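The structure file run.cif is reproduced below (mmCIF, C-alpha atoms).
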data_run
#
loop_
_atom_site.label_atom_id
_atom_site.label_comp_id
_atom_site.auth_asym_id
_atom_site.auth_seq_id
_atom_site.Cartn_x
_atom_site.Cartn_y
_atom_site.Cartn_z
CA MET A 1 117.94 150.77 -61.30
CA ASN A 2 116.52 149.22 -58.14
CA TYR A 3 115.41 145.80 -59.38
CA TYR A 4 113.19 145.01 -56.40
CA LYS A 5 111.23 148.25 -56.51
CA THR A 6 110.99 148.17 -60.28
CA ALA A 7 109.93 144.51 -60.54
CA THR A 8 107.20 144.98 -57.93
CA LYS A 9 106.02 148.21 -59.57
CA ARG A 10 105.88 146.83 -63.12
CA LYS A 11 102.43 146.01 -64.51
CA SER A 12 101.19 144.84 -67.87
CA THR A 13 99.43 147.61 -69.76
CA ARG A 14 96.88 146.80 -72.45
CA ASP A 15 95.59 150.29 -73.17
CA PHE A 16 98.16 152.79 -74.43
CA LYS A 17 97.85 156.45 -75.29
CA GLU A 18 98.70 157.46 -78.84
CA LYS A 19 101.44 159.68 -77.41
CA THR A 20 104.91 158.65 -78.58
CA VAL A 21 107.89 158.16 -76.31
CA PRO A 22 110.50 160.96 -76.59
CA ARG A 23 113.54 160.30 -78.73
CA ASN A 24 115.95 160.66 -75.80
CA ILE A 25 114.26 157.74 -74.00
CA LEU A 26 114.32 155.62 -77.15
CA ASN A 27 118.04 156.39 -77.46
CA GLU A 28 118.59 155.47 -73.80
CA LEU A 29 116.80 152.16 -74.36
CA THR A 30 118.98 151.43 -77.39
CA GLU A 31 122.14 152.15 -75.40
CA TYR A 32 120.90 150.07 -72.46
CA PHE A 33 120.37 147.06 -74.71
CA LYS A 34 124.12 147.01 -75.35
CA VAL A 35 124.87 146.47 -71.64
CA CYS A 36 121.71 144.80 -70.33
CA LYS A 37 121.82 141.51 -68.46
CA ARG A 38 122.10 138.40 -70.61
CA LEU A 39 121.55 134.85 -69.49
CA ILE A 40 123.80 133.45 -72.24
CA PRO A 41 126.01 136.24 -73.61
CA GLU A 42 127.31 134.02 -76.41
CA ILE A 43 123.93 133.96 -78.15
CA ASP A 44 123.66 136.71 -80.78
CA VAL A 45 120.52 138.78 -80.14
CA GLU A 46 119.46 141.99 -81.87
CA MET A 47 116.90 144.59 -80.78
CA THR A 48 114.74 146.65 -83.13
CA ILE A 49 112.29 149.38 -82.18
CA LEU A 50 109.67 148.80 -84.85
CA ASP A 51 108.46 151.55 -87.14
CA PRO A 52 104.74 152.03 -86.30
CA LYS A 53 103.95 151.81 -90.02
CA VAL A 54 104.84 148.12 -90.13
CA CYS A 55 102.83 147.20 -87.03
CA PRO A 56 99.57 146.36 -88.88
CA ASN A 57 101.55 143.63 -90.61
CA MET A 58 101.79 141.79 -87.29
CA ASN A 59 98.04 141.22 -87.05
CA GLY A 60 97.23 137.54 -87.43
CA CYS A 61 100.58 136.27 -86.17
CA ALA A 62 101.12 138.08 -82.84
CA GLY A 63 98.95 138.86 -79.83
CA TYR A 64 96.56 136.97 -77.58
CA GLU A 65 94.43 134.83 -79.95
CA ASP A 66 96.12 136.91 -82.70
CA PHE A 67 94.67 140.11 -81.23
CA LEU A 68 97.49 142.64 -81.27
CA ILE A 69 97.46 145.26 -78.52
CA GLU A 70 97.89 148.66 -80.13
CA ALA A 71 100.82 150.70 -78.87
CA PRO A 72 102.94 153.55 -80.22
CA HIS A 73 106.11 151.44 -80.01
CA TYR A 74 107.19 147.80 -80.01
CA ILE A 75 110.49 146.15 -79.16
CA LEU A 76 111.34 143.19 -81.34
CA LEU A 77 114.13 140.85 -80.29
CA THR A 78 115.58 138.52 -82.91
CA SER A 79 117.98 135.73 -82.01
CA GLU A 80 120.08 133.05 -83.54
CA GLU A 81 118.86 129.53 -82.75
CA ALA A 82 120.98 127.96 -80.03
CA ASP A 83 120.51 125.95 -76.87
CA ASN A 84 118.20 127.80 -74.46
CA TYR A 85 117.79 130.77 -76.79
CA MET A 86 114.20 131.37 -75.69
CA LEU A 87 115.22 131.44 -72.02
CA ASN A 88 117.84 133.99 -72.99
CA ALA A 89 115.29 136.08 -74.91
CA GLY A 90 112.97 136.21 -71.90
CA PHE A 91 115.87 137.18 -69.64
CA ILE A 92 116.98 140.02 -71.94
CA GLY A 93 113.46 141.19 -72.73
CA GLU A 94 112.50 141.47 -69.07
CA ASP A 95 115.60 143.53 -68.31
CA LEU A 96 114.48 145.93 -71.06
CA VAL A 97 110.95 145.95 -69.64
CA LEU A 98 112.26 146.86 -66.19
CA LYS A 99 114.47 149.57 -67.67
CA LEU A 100 111.43 151.10 -69.37
CA THR A 101 109.44 150.80 -66.14
CA ASP A 102 112.23 152.64 -64.34
CA LEU A 103 111.97 155.39 -66.96
CA GLY A 104 108.22 155.75 -66.38
CA ILE A 105 107.18 153.88 -69.54
CA SER A 106 104.49 151.17 -69.54
CA THR A 107 104.91 147.81 -71.27
CA CYS A 108 103.18 144.59 -72.25
CA TRP A 109 104.65 141.30 -73.47
CA ILE A 110 103.03 140.22 -76.75
CA THR A 111 102.75 136.55 -77.71
CA ILE A 112 104.29 135.59 -81.07
CA ASN A 113 101.94 132.95 -82.45
CA ASP A 114 103.60 132.29 -85.79
CA THR A 115 107.33 132.98 -85.81
CA LEU A 116 107.94 132.33 -89.50
CA LYS A 117 104.93 134.34 -90.64
CA LEU A 118 106.01 137.27 -88.44
CA LYS A 119 109.50 137.07 -89.87
CA GLU A 120 108.06 137.19 -93.38
CA ARG A 121 105.63 140.01 -92.57
CA LEU A 122 108.40 142.16 -91.06
CA ARG A 123 110.75 141.32 -93.94
CA ILE A 124 113.52 140.04 -91.71
CA THR A 125 116.23 138.87 -94.08
CA THR A 126 118.77 137.52 -91.58
CA ASP A 127 118.93 133.98 -90.21
CA LYS A 128 117.72 135.21 -86.83
CA LEU A 129 114.20 134.44 -85.62
CA PRO A 130 111.72 136.78 -83.90
CA VAL A 131 111.76 135.62 -80.29
CA ALA A 132 110.22 138.41 -78.21
CA LEU A 133 107.78 141.22 -78.86
CA ILE A 134 107.07 143.94 -76.27
CA ALA A 135 104.60 146.82 -76.63
CA PHE A 136 105.49 150.04 -74.83
CA GLY A 137 104.32 153.60 -74.40
CA TYR A 138 102.25 155.67 -71.99
CA GLU A 139 99.33 154.02 -70.20
CA ASN A 140 95.77 155.23 -70.31
CA ALA A 141 95.09 155.52 -66.58
CA ILE A 142 93.05 152.66 -65.14
CA THR A 143 92.59 152.34 -61.41
CA THR A 144 90.86 148.98 -61.04
CA ILE A 145 90.76 145.83 -63.15
CA ASN A 146 89.53 142.28 -62.73
CA ARG A 147 92.31 139.80 -63.42
CA LEU A 148 91.89 136.10 -64.12
CA ASP A 149 94.18 133.95 -61.99
CA ILE A 150 94.50 130.44 -63.40
CA VAL A 151 96.25 127.81 -61.30
CA ASN A 152 94.65 124.80 -62.98
CA GLN A 153 91.30 123.85 -64.49
CA SER A 154 89.70 123.42 -61.06
CA ASN A 155 91.31 126.49 -59.51
CA VAL A 156 90.33 129.63 -61.40
CA THR A 157 89.53 132.87 -59.60
CA LEU A 158 88.66 136.39 -60.63
CA LYS A 159 90.53 138.87 -58.45
CA LYS A 160 90.10 142.61 -58.33
CA ARG A 161 93.46 144.35 -58.52
CA THR A 162 94.11 148.04 -58.04
CA ASN A 163 96.49 149.24 -60.77
CA TYR A 164 97.17 145.58 -61.68
CA GLU A 165 99.15 145.08 -58.46
CA ALA A 166 101.23 141.93 -58.08
CA PRO A 167 102.45 139.45 -56.91
CA LYS A 168 100.14 136.81 -58.32
CA LEU A 169 101.72 133.92 -56.40
CA TYR A 170 102.56 134.36 -52.75
CA VAL A 171 106.11 133.44 -51.79
CA GLU A 172 104.94 130.69 -49.42
CA ASP A 173 102.89 129.08 -52.21
CA ALA A 174 105.67 129.41 -54.78
CA ILE A 175 108.19 127.43 -52.71
CA TYR A 176 107.58 123.72 -53.23
CA SER A 177 110.28 122.39 -50.90
CA GLU A 178 113.18 123.79 -48.90
CA ASP A 179 115.79 123.04 -46.23
CA MET A 180 116.07 126.43 -44.50
CA GLY A 181 112.95 126.29 -42.33
CA ILE A 182 111.14 128.82 -44.51
CA LYS A 183 107.80 127.05 -44.71
CA ALA A 184 107.82 125.94 -41.10
CA ASP A 185 108.66 129.42 -39.88
CA ASN A 186 108.24 132.30 -42.35
CA SER A 187 110.20 134.60 -40.04
CA THR A 188 113.29 132.70 -41.23
CA LEU A 189 113.15 134.89 -44.34
CA ASP A 190 113.75 137.93 -42.13
CA HIS A 191 117.38 136.81 -42.00
CA TYR A 192 117.61 136.46 -45.78
CA GLN A 193 116.33 139.80 -47.07
CA ASP A 194 118.08 139.51 -50.43
CA LEU A 195 116.55 136.08 -50.96
CA TYR A 196 113.09 137.14 -49.81
CA GLN A 197 113.00 140.20 -52.07
CA ALA A 198 114.29 138.10 -54.98
CA LEU A 199 111.47 135.61 -54.36
CA VAL A 200 108.87 138.38 -54.33
CA ALA A 201 110.26 139.77 -57.60
CA ALA A 202 110.12 136.30 -59.17
CA CYS A 203 106.49 135.95 -58.06
CA CYS A 204 105.75 139.30 -59.73
CA ALA A 205 107.08 138.08 -63.09
CA PRO A 206 104.51 138.15 -65.91
CA SER A 207 103.49 134.88 -67.54
CA PHE A 208 101.03 133.75 -70.20
CA LEU A 209 97.46 134.05 -68.82
CA ASN A 210 99.02 134.57 -65.37
CA ARG A 211 99.39 130.80 -65.10
CA GLN A 212 102.90 130.87 -63.57
CA PRO A 213 103.66 127.20 -64.30
CA TYR A 214 106.68 126.93 -62.02
CA ARG A 215 107.66 126.45 -58.41
CA PHE A 216 110.87 127.07 -56.46
CA ILE A 217 113.00 124.60 -54.55
CA ILE A 218 115.70 125.53 -52.04
CA LYS A 219 118.13 122.82 -51.01
CA ASP A 220 121.82 122.55 -50.08
CA GLY A 221 122.45 126.23 -50.79
CA LEU A 222 120.83 126.02 -54.23
CA PHE A 223 117.77 127.85 -55.51
CA MET A 224 116.07 125.83 -58.25
CA VAL A 225 113.30 126.60 -60.74
CA ALA A 226 110.98 123.65 -61.30
CA ALA A 227 108.88 123.99 -64.47
CA LEU A 228 105.39 122.51 -64.24
CA GLU A 229 103.46 120.92 -67.07
CA ASP A 230 101.12 123.43 -68.72
CA TYR A 231 98.96 122.53 -71.70
CA LYS A 232 97.79 126.14 -72.15
CA THR A 233 101.18 127.75 -72.79
CA ASP A 234 103.02 127.01 -76.03
CA GLU A 235 106.70 126.06 -75.96
CA ASN A 236 108.11 129.47 -76.87
CA ASP A 237 106.05 131.36 -74.28
CA TYR A 238 106.84 128.63 -71.76
CA TYR A 239 110.57 129.28 -71.97
CA LEU A 240 110.18 133.05 -72.32
CA ASN A 241 108.22 133.05 -69.05
CA LEU A 242 110.97 131.10 -67.30
CA GLY A 243 113.63 133.48 -68.60
CA ILE A 244 111.57 136.43 -67.35
CA LEU A 245 111.29 135.13 -63.79
CA MET A 246 114.99 134.16 -63.79
CA LEU A 247 115.88 137.78 -64.62
CA ASN A 248 113.65 139.13 -61.87
CA PHE A 249 115.15 136.78 -59.29
CA TYR A 250 118.75 137.28 -60.36
CA GLY A 251 118.47 141.05 -60.76
CA VAL A 252 117.28 141.50 -57.18
CA LEU A 253 119.55 138.86 -55.66
CA SER A 254 122.71 140.27 -57.19
CA GLU A 255 122.07 144.02 -57.20
CA ARG A 256 123.32 144.74 -53.66
CA SER A 257 126.56 142.78 -53.43
CA GLY A 258 127.02 141.15 -56.82
CA ALA A 259 128.50 138.22 -54.90
CA TYR A 260 126.14 135.58 -56.22
CA GLY A 261 126.96 133.27 -59.09
CA LYS A 262 125.16 132.91 -62.39
CA TRP A 263 122.35 130.60 -63.40
CA GLU A 264 123.29 127.03 -64.29
CA ILE A 265 120.80 125.87 -66.92
CA LYS A 266 120.51 122.26 -65.86
CA ALA A 267 119.39 120.17 -62.91
CA PRO A 268 121.84 119.62 -60.05
CA SER A 269 123.26 116.14 -59.56
CA THR A 270 121.70 115.69 -56.11
CA GLU A 271 118.37 113.96 -55.44
CA ILE A 272 115.55 116.55 -55.51
CA ASP A 273 111.99 116.36 -54.21
CA LYS A 274 110.03 118.12 -56.92
CA PRO A 275 106.40 118.42 -58.04
CA GLU A 276 105.09 115.42 -59.95
CA GLY A 277 105.64 115.79 -63.69
CA SER A 278 107.93 118.82 -63.28
CA ARG A 279 111.57 119.24 -64.24
CA ILE A 280 114.36 121.41 -62.93
CA ILE A 281 115.23 124.03 -65.53
CA ALA A 282 118.03 125.89 -63.75
CA TYR A 283 119.63 126.57 -60.41
CA ILE A 284 121.77 129.23 -58.78
CA HIS A 285 123.96 129.15 -55.68
CA ILE A 286 122.53 131.31 -52.90
#

structure tokens encoding of this file:
Amino acid sequence: MNYYKTATKRKSTRDFKEKTVPRNILNELTEYFKVCKRLIPEIDVEMTILDPKVCPNMNGCAGYEDFLIEAPHYILLTSEEADNYMLNAGFIGEDLVLKLTDLGISTCWITINDTLKLKERLRITTDKLPVALIAFGYENAITTINRLDIVNQSNVTLKKRTNYEAPKLYVEDAIYSEDMGIKADNSTLDHYQDLYQALVAACCAPSFLNRQPYRFIIKDGLFMVAALEDYKTDENDYYLNLGILMLNFYGVLSERSGAYGKWEIKAPSTEIDKPEGSRIIAYIHI
């Protein structure tokens, strides 16, 4: 899978055909889950492709404002509770989304509004919690859509997108501070193609209401994710979103050489200039 091409091609689909996905693709997805990228491999996560018959049970506890997007299939990830388990769920879930995209299957992340109610409705008897829900299938073709871009209460725009094209944030706007001359001279990125493509992929990552409450900081050979305050996004979606963008960035950055390290889920010890009210969630050596 080419992570850059796939991440920039991926789009959220909210209108699915009733057509089911062939069994061989479902089997390939199941096998891919066994080897997909994991942020924290030690956390026990299970994947279930839900039986369509149980899907009506999810109404009232999953979906935007409890409105569940109808699809022929849903991925449900369940996880043990552990440090950063929601970050890990977003990381894993997005790798599955990109795999499906690569296979020509459309997807949409679904918000879980009531974890315990969903667990009860789906009759999950283990100690694991539902942490990620993803609709997938074949898209009903739509060529143009208006998409709401929300930066903050005073910065809301309605943009016309053809085929839901991304990115939503431009790379130059996503970088809060840096020490490589990127903002002063954007041509600097011409010498860092892996980094630039990873940044574009991160900017293409889906987030709740397209709010993208994060910025990127580059300093002393470190790439950092600074999480912004966001009153609109609940805690679970907040960390899922961060895990999603971390997968997009890491997948592209590492796919060519594999020489880069892994994410450190903490702030570095050095002094960092970061947006007011934000906090560093993770960093990676670049």

| Resolved residues for the PyMOL selection byres ((chain A and resi 92) around 12) as an MDAnalysis selection string | chainID A and resid 32:41 43:47 75:79 85:91 93:99 131:134 240:248 251

| Point-to-point distance in Å for atom CA of A:Val21 and atom CA of A:Ile105 | 8.0 Å

| field | Atom-to-atom span, atom CA of A:Gly277 and atom CA of A:Tyr196, Å | value |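 For atom CA of A:Gly277 relative to atom CA of A:Tyr196, the distance reads 26.5 Å.
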
| query | How far is it from atom CA of A:Glu229 to atom CA of A:Cys204, in Å with one decimal? | reply | 19.9 Å

Fewer than 5 positions away in the same chain doesn't count, so skip those; otherwise give me all residues within 10 Å of A:Met58, counting all atoms listed in the file, as a short mmCIF file (atom, residue, chain, number, x, y, z; two decimals) with C-alpha atoms, in the frame of the given file.
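Result file around_5.cif:
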data_model
loop_
_atom_site.label_atom_id
_atom_site.label_comp_id
_atom_site.auth_asym_id
_atom_site.auth_seq_id
_atom_site.Cartn_x
_atom_site.Cartn_y
_atom_site.Cartn_z
CA GLY A 63 98.95 138.86 -79.83
CA ASP A 66 96.12 136.91 -82.70
CA PHE A 67 94.67 140.11 -81.23
CA LEU A 68 97.49 142.64 -81.27
CA ILE A 112 104.29 135.59 -81.07
CA ASP A 114 103.60 132.29 -85.79
CA LYS A 117 104.93 134.34 -90.64
CA LEU A 118 106.01 137.27 -88.44
CA LYS A 119 109.50 137.07 -89.87
CA GLU A 120 108.06 137.19 -93.38
CA ARG A 121 105.63 140.01 -92.57
CA LEU A 122 108.40 142.16 -91.06
#

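For the structure shown here, the set of residues caught by the PyMOL selection byres ((chain A and resi 222) around 8) is Ile217, Ile218, Lys219, Asp220, Gly221, Phe223, Met224, Tyr283, Ile284, His285 and Ile286 of chain A.
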
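Minimum atom-to-atom distance to A:Glu139, evaluated using only C-alpha atoms, belongs to A:Cys108 out of A:Ala226, A:Ile265, A:Val171, A:Cys108.
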
With 6 Å on each side, where is the centre of the axis-aligned box around all listed atoms of stretch 46-53 of chain A, and how long are its edges in Å to one decimal, as AutoDock Vina command-line options?
--center_x 111.7 --center_y 147.0 --center_z -85.4 --size_x 27.5 --size_y 22.0 --size_z 21.2

Here's the selection I'm unsure about, the PyMOL selection byres ((chain A and resi 13) around 7); applied to the file above, which residues does it give, as a PDB file with C-alpha atoms, in the frame of the given file?
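expr.pdb, written as the output of this step:
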ATOM      1  CA  LYS A  11     102.430 146.010 -64.510  1.00  0.00           C
ATOM      2  CA  SER A  12     101.190 144.840 -67.870  1.00  0.00           C
ATOM      3  CA  ARG A  14      96.880 146.800 -72.450  1.00  0.00           C
ATOM      4  CA  ASP A  15      95.590 150.290 -73.170  1.00  0.00           C
ATOM      5  CA  SER A 106     104.490 151.170 -69.540  1.00  0.00           C
ATOM      6  CA  THR A 107     104.910 147.810 -71.270  1.00  0.00           C
ATOM      7  CA  CYS A 108     103.180 144.590 -72.250  1.00  0.00           C
ATOM      8  CA  GLU A 139      99.330 154.020 -70.200  1.00  0.00           C
TER       9      GLU A 139
END

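Nearest-residue note for A:Phe136: choosing from A:Asn210, A:Ser269, A:Thr20, A:Thr48, the minimum distance belongs to A:Thr20, counting only C-alpha atoms.
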
I'd like the contact shell of A:Lys5 - 10 Å cut-off, only C-alpha atoms, skipping same-chain residues fewer than 6 positions apart - returned as a PDB file with C-alpha atoms, keeping the file's coordinate frame.
ATOM      1  CA  LEU A  98     112.260 146.860 -66.190  1.00  0.00           C
ATOM      2  CA  ASP A 102     112.230 152.640 -64.340  1.00  0.00           C
ATOM      3  CA  GLN A 197     113.000 140.200 -52.070  1.00  0.00           C
ATOM      4  CA  ALA A 201     110.260 139.770 -57.600  1.00  0.00           C
ATOM      5  CA  VAL A 252     117.280 141.500 -57.180  1.00  0.00           C
TER       6      VAL A 252
END

| field | Nearby residues (only C-alpha atoms) at most 9 Å from A:Asp230, same-chain spacing under 2 positions excluded, as a VMD selection string | value | chain A and resid 152 211 213 227 to 228 232 to 234 238

| A:Ile110, A:Cys55, A:Ile25, A:Ile175 ranked by distance to A:Leu209, top pick (using all atoms listed in the file) | A:Ile110
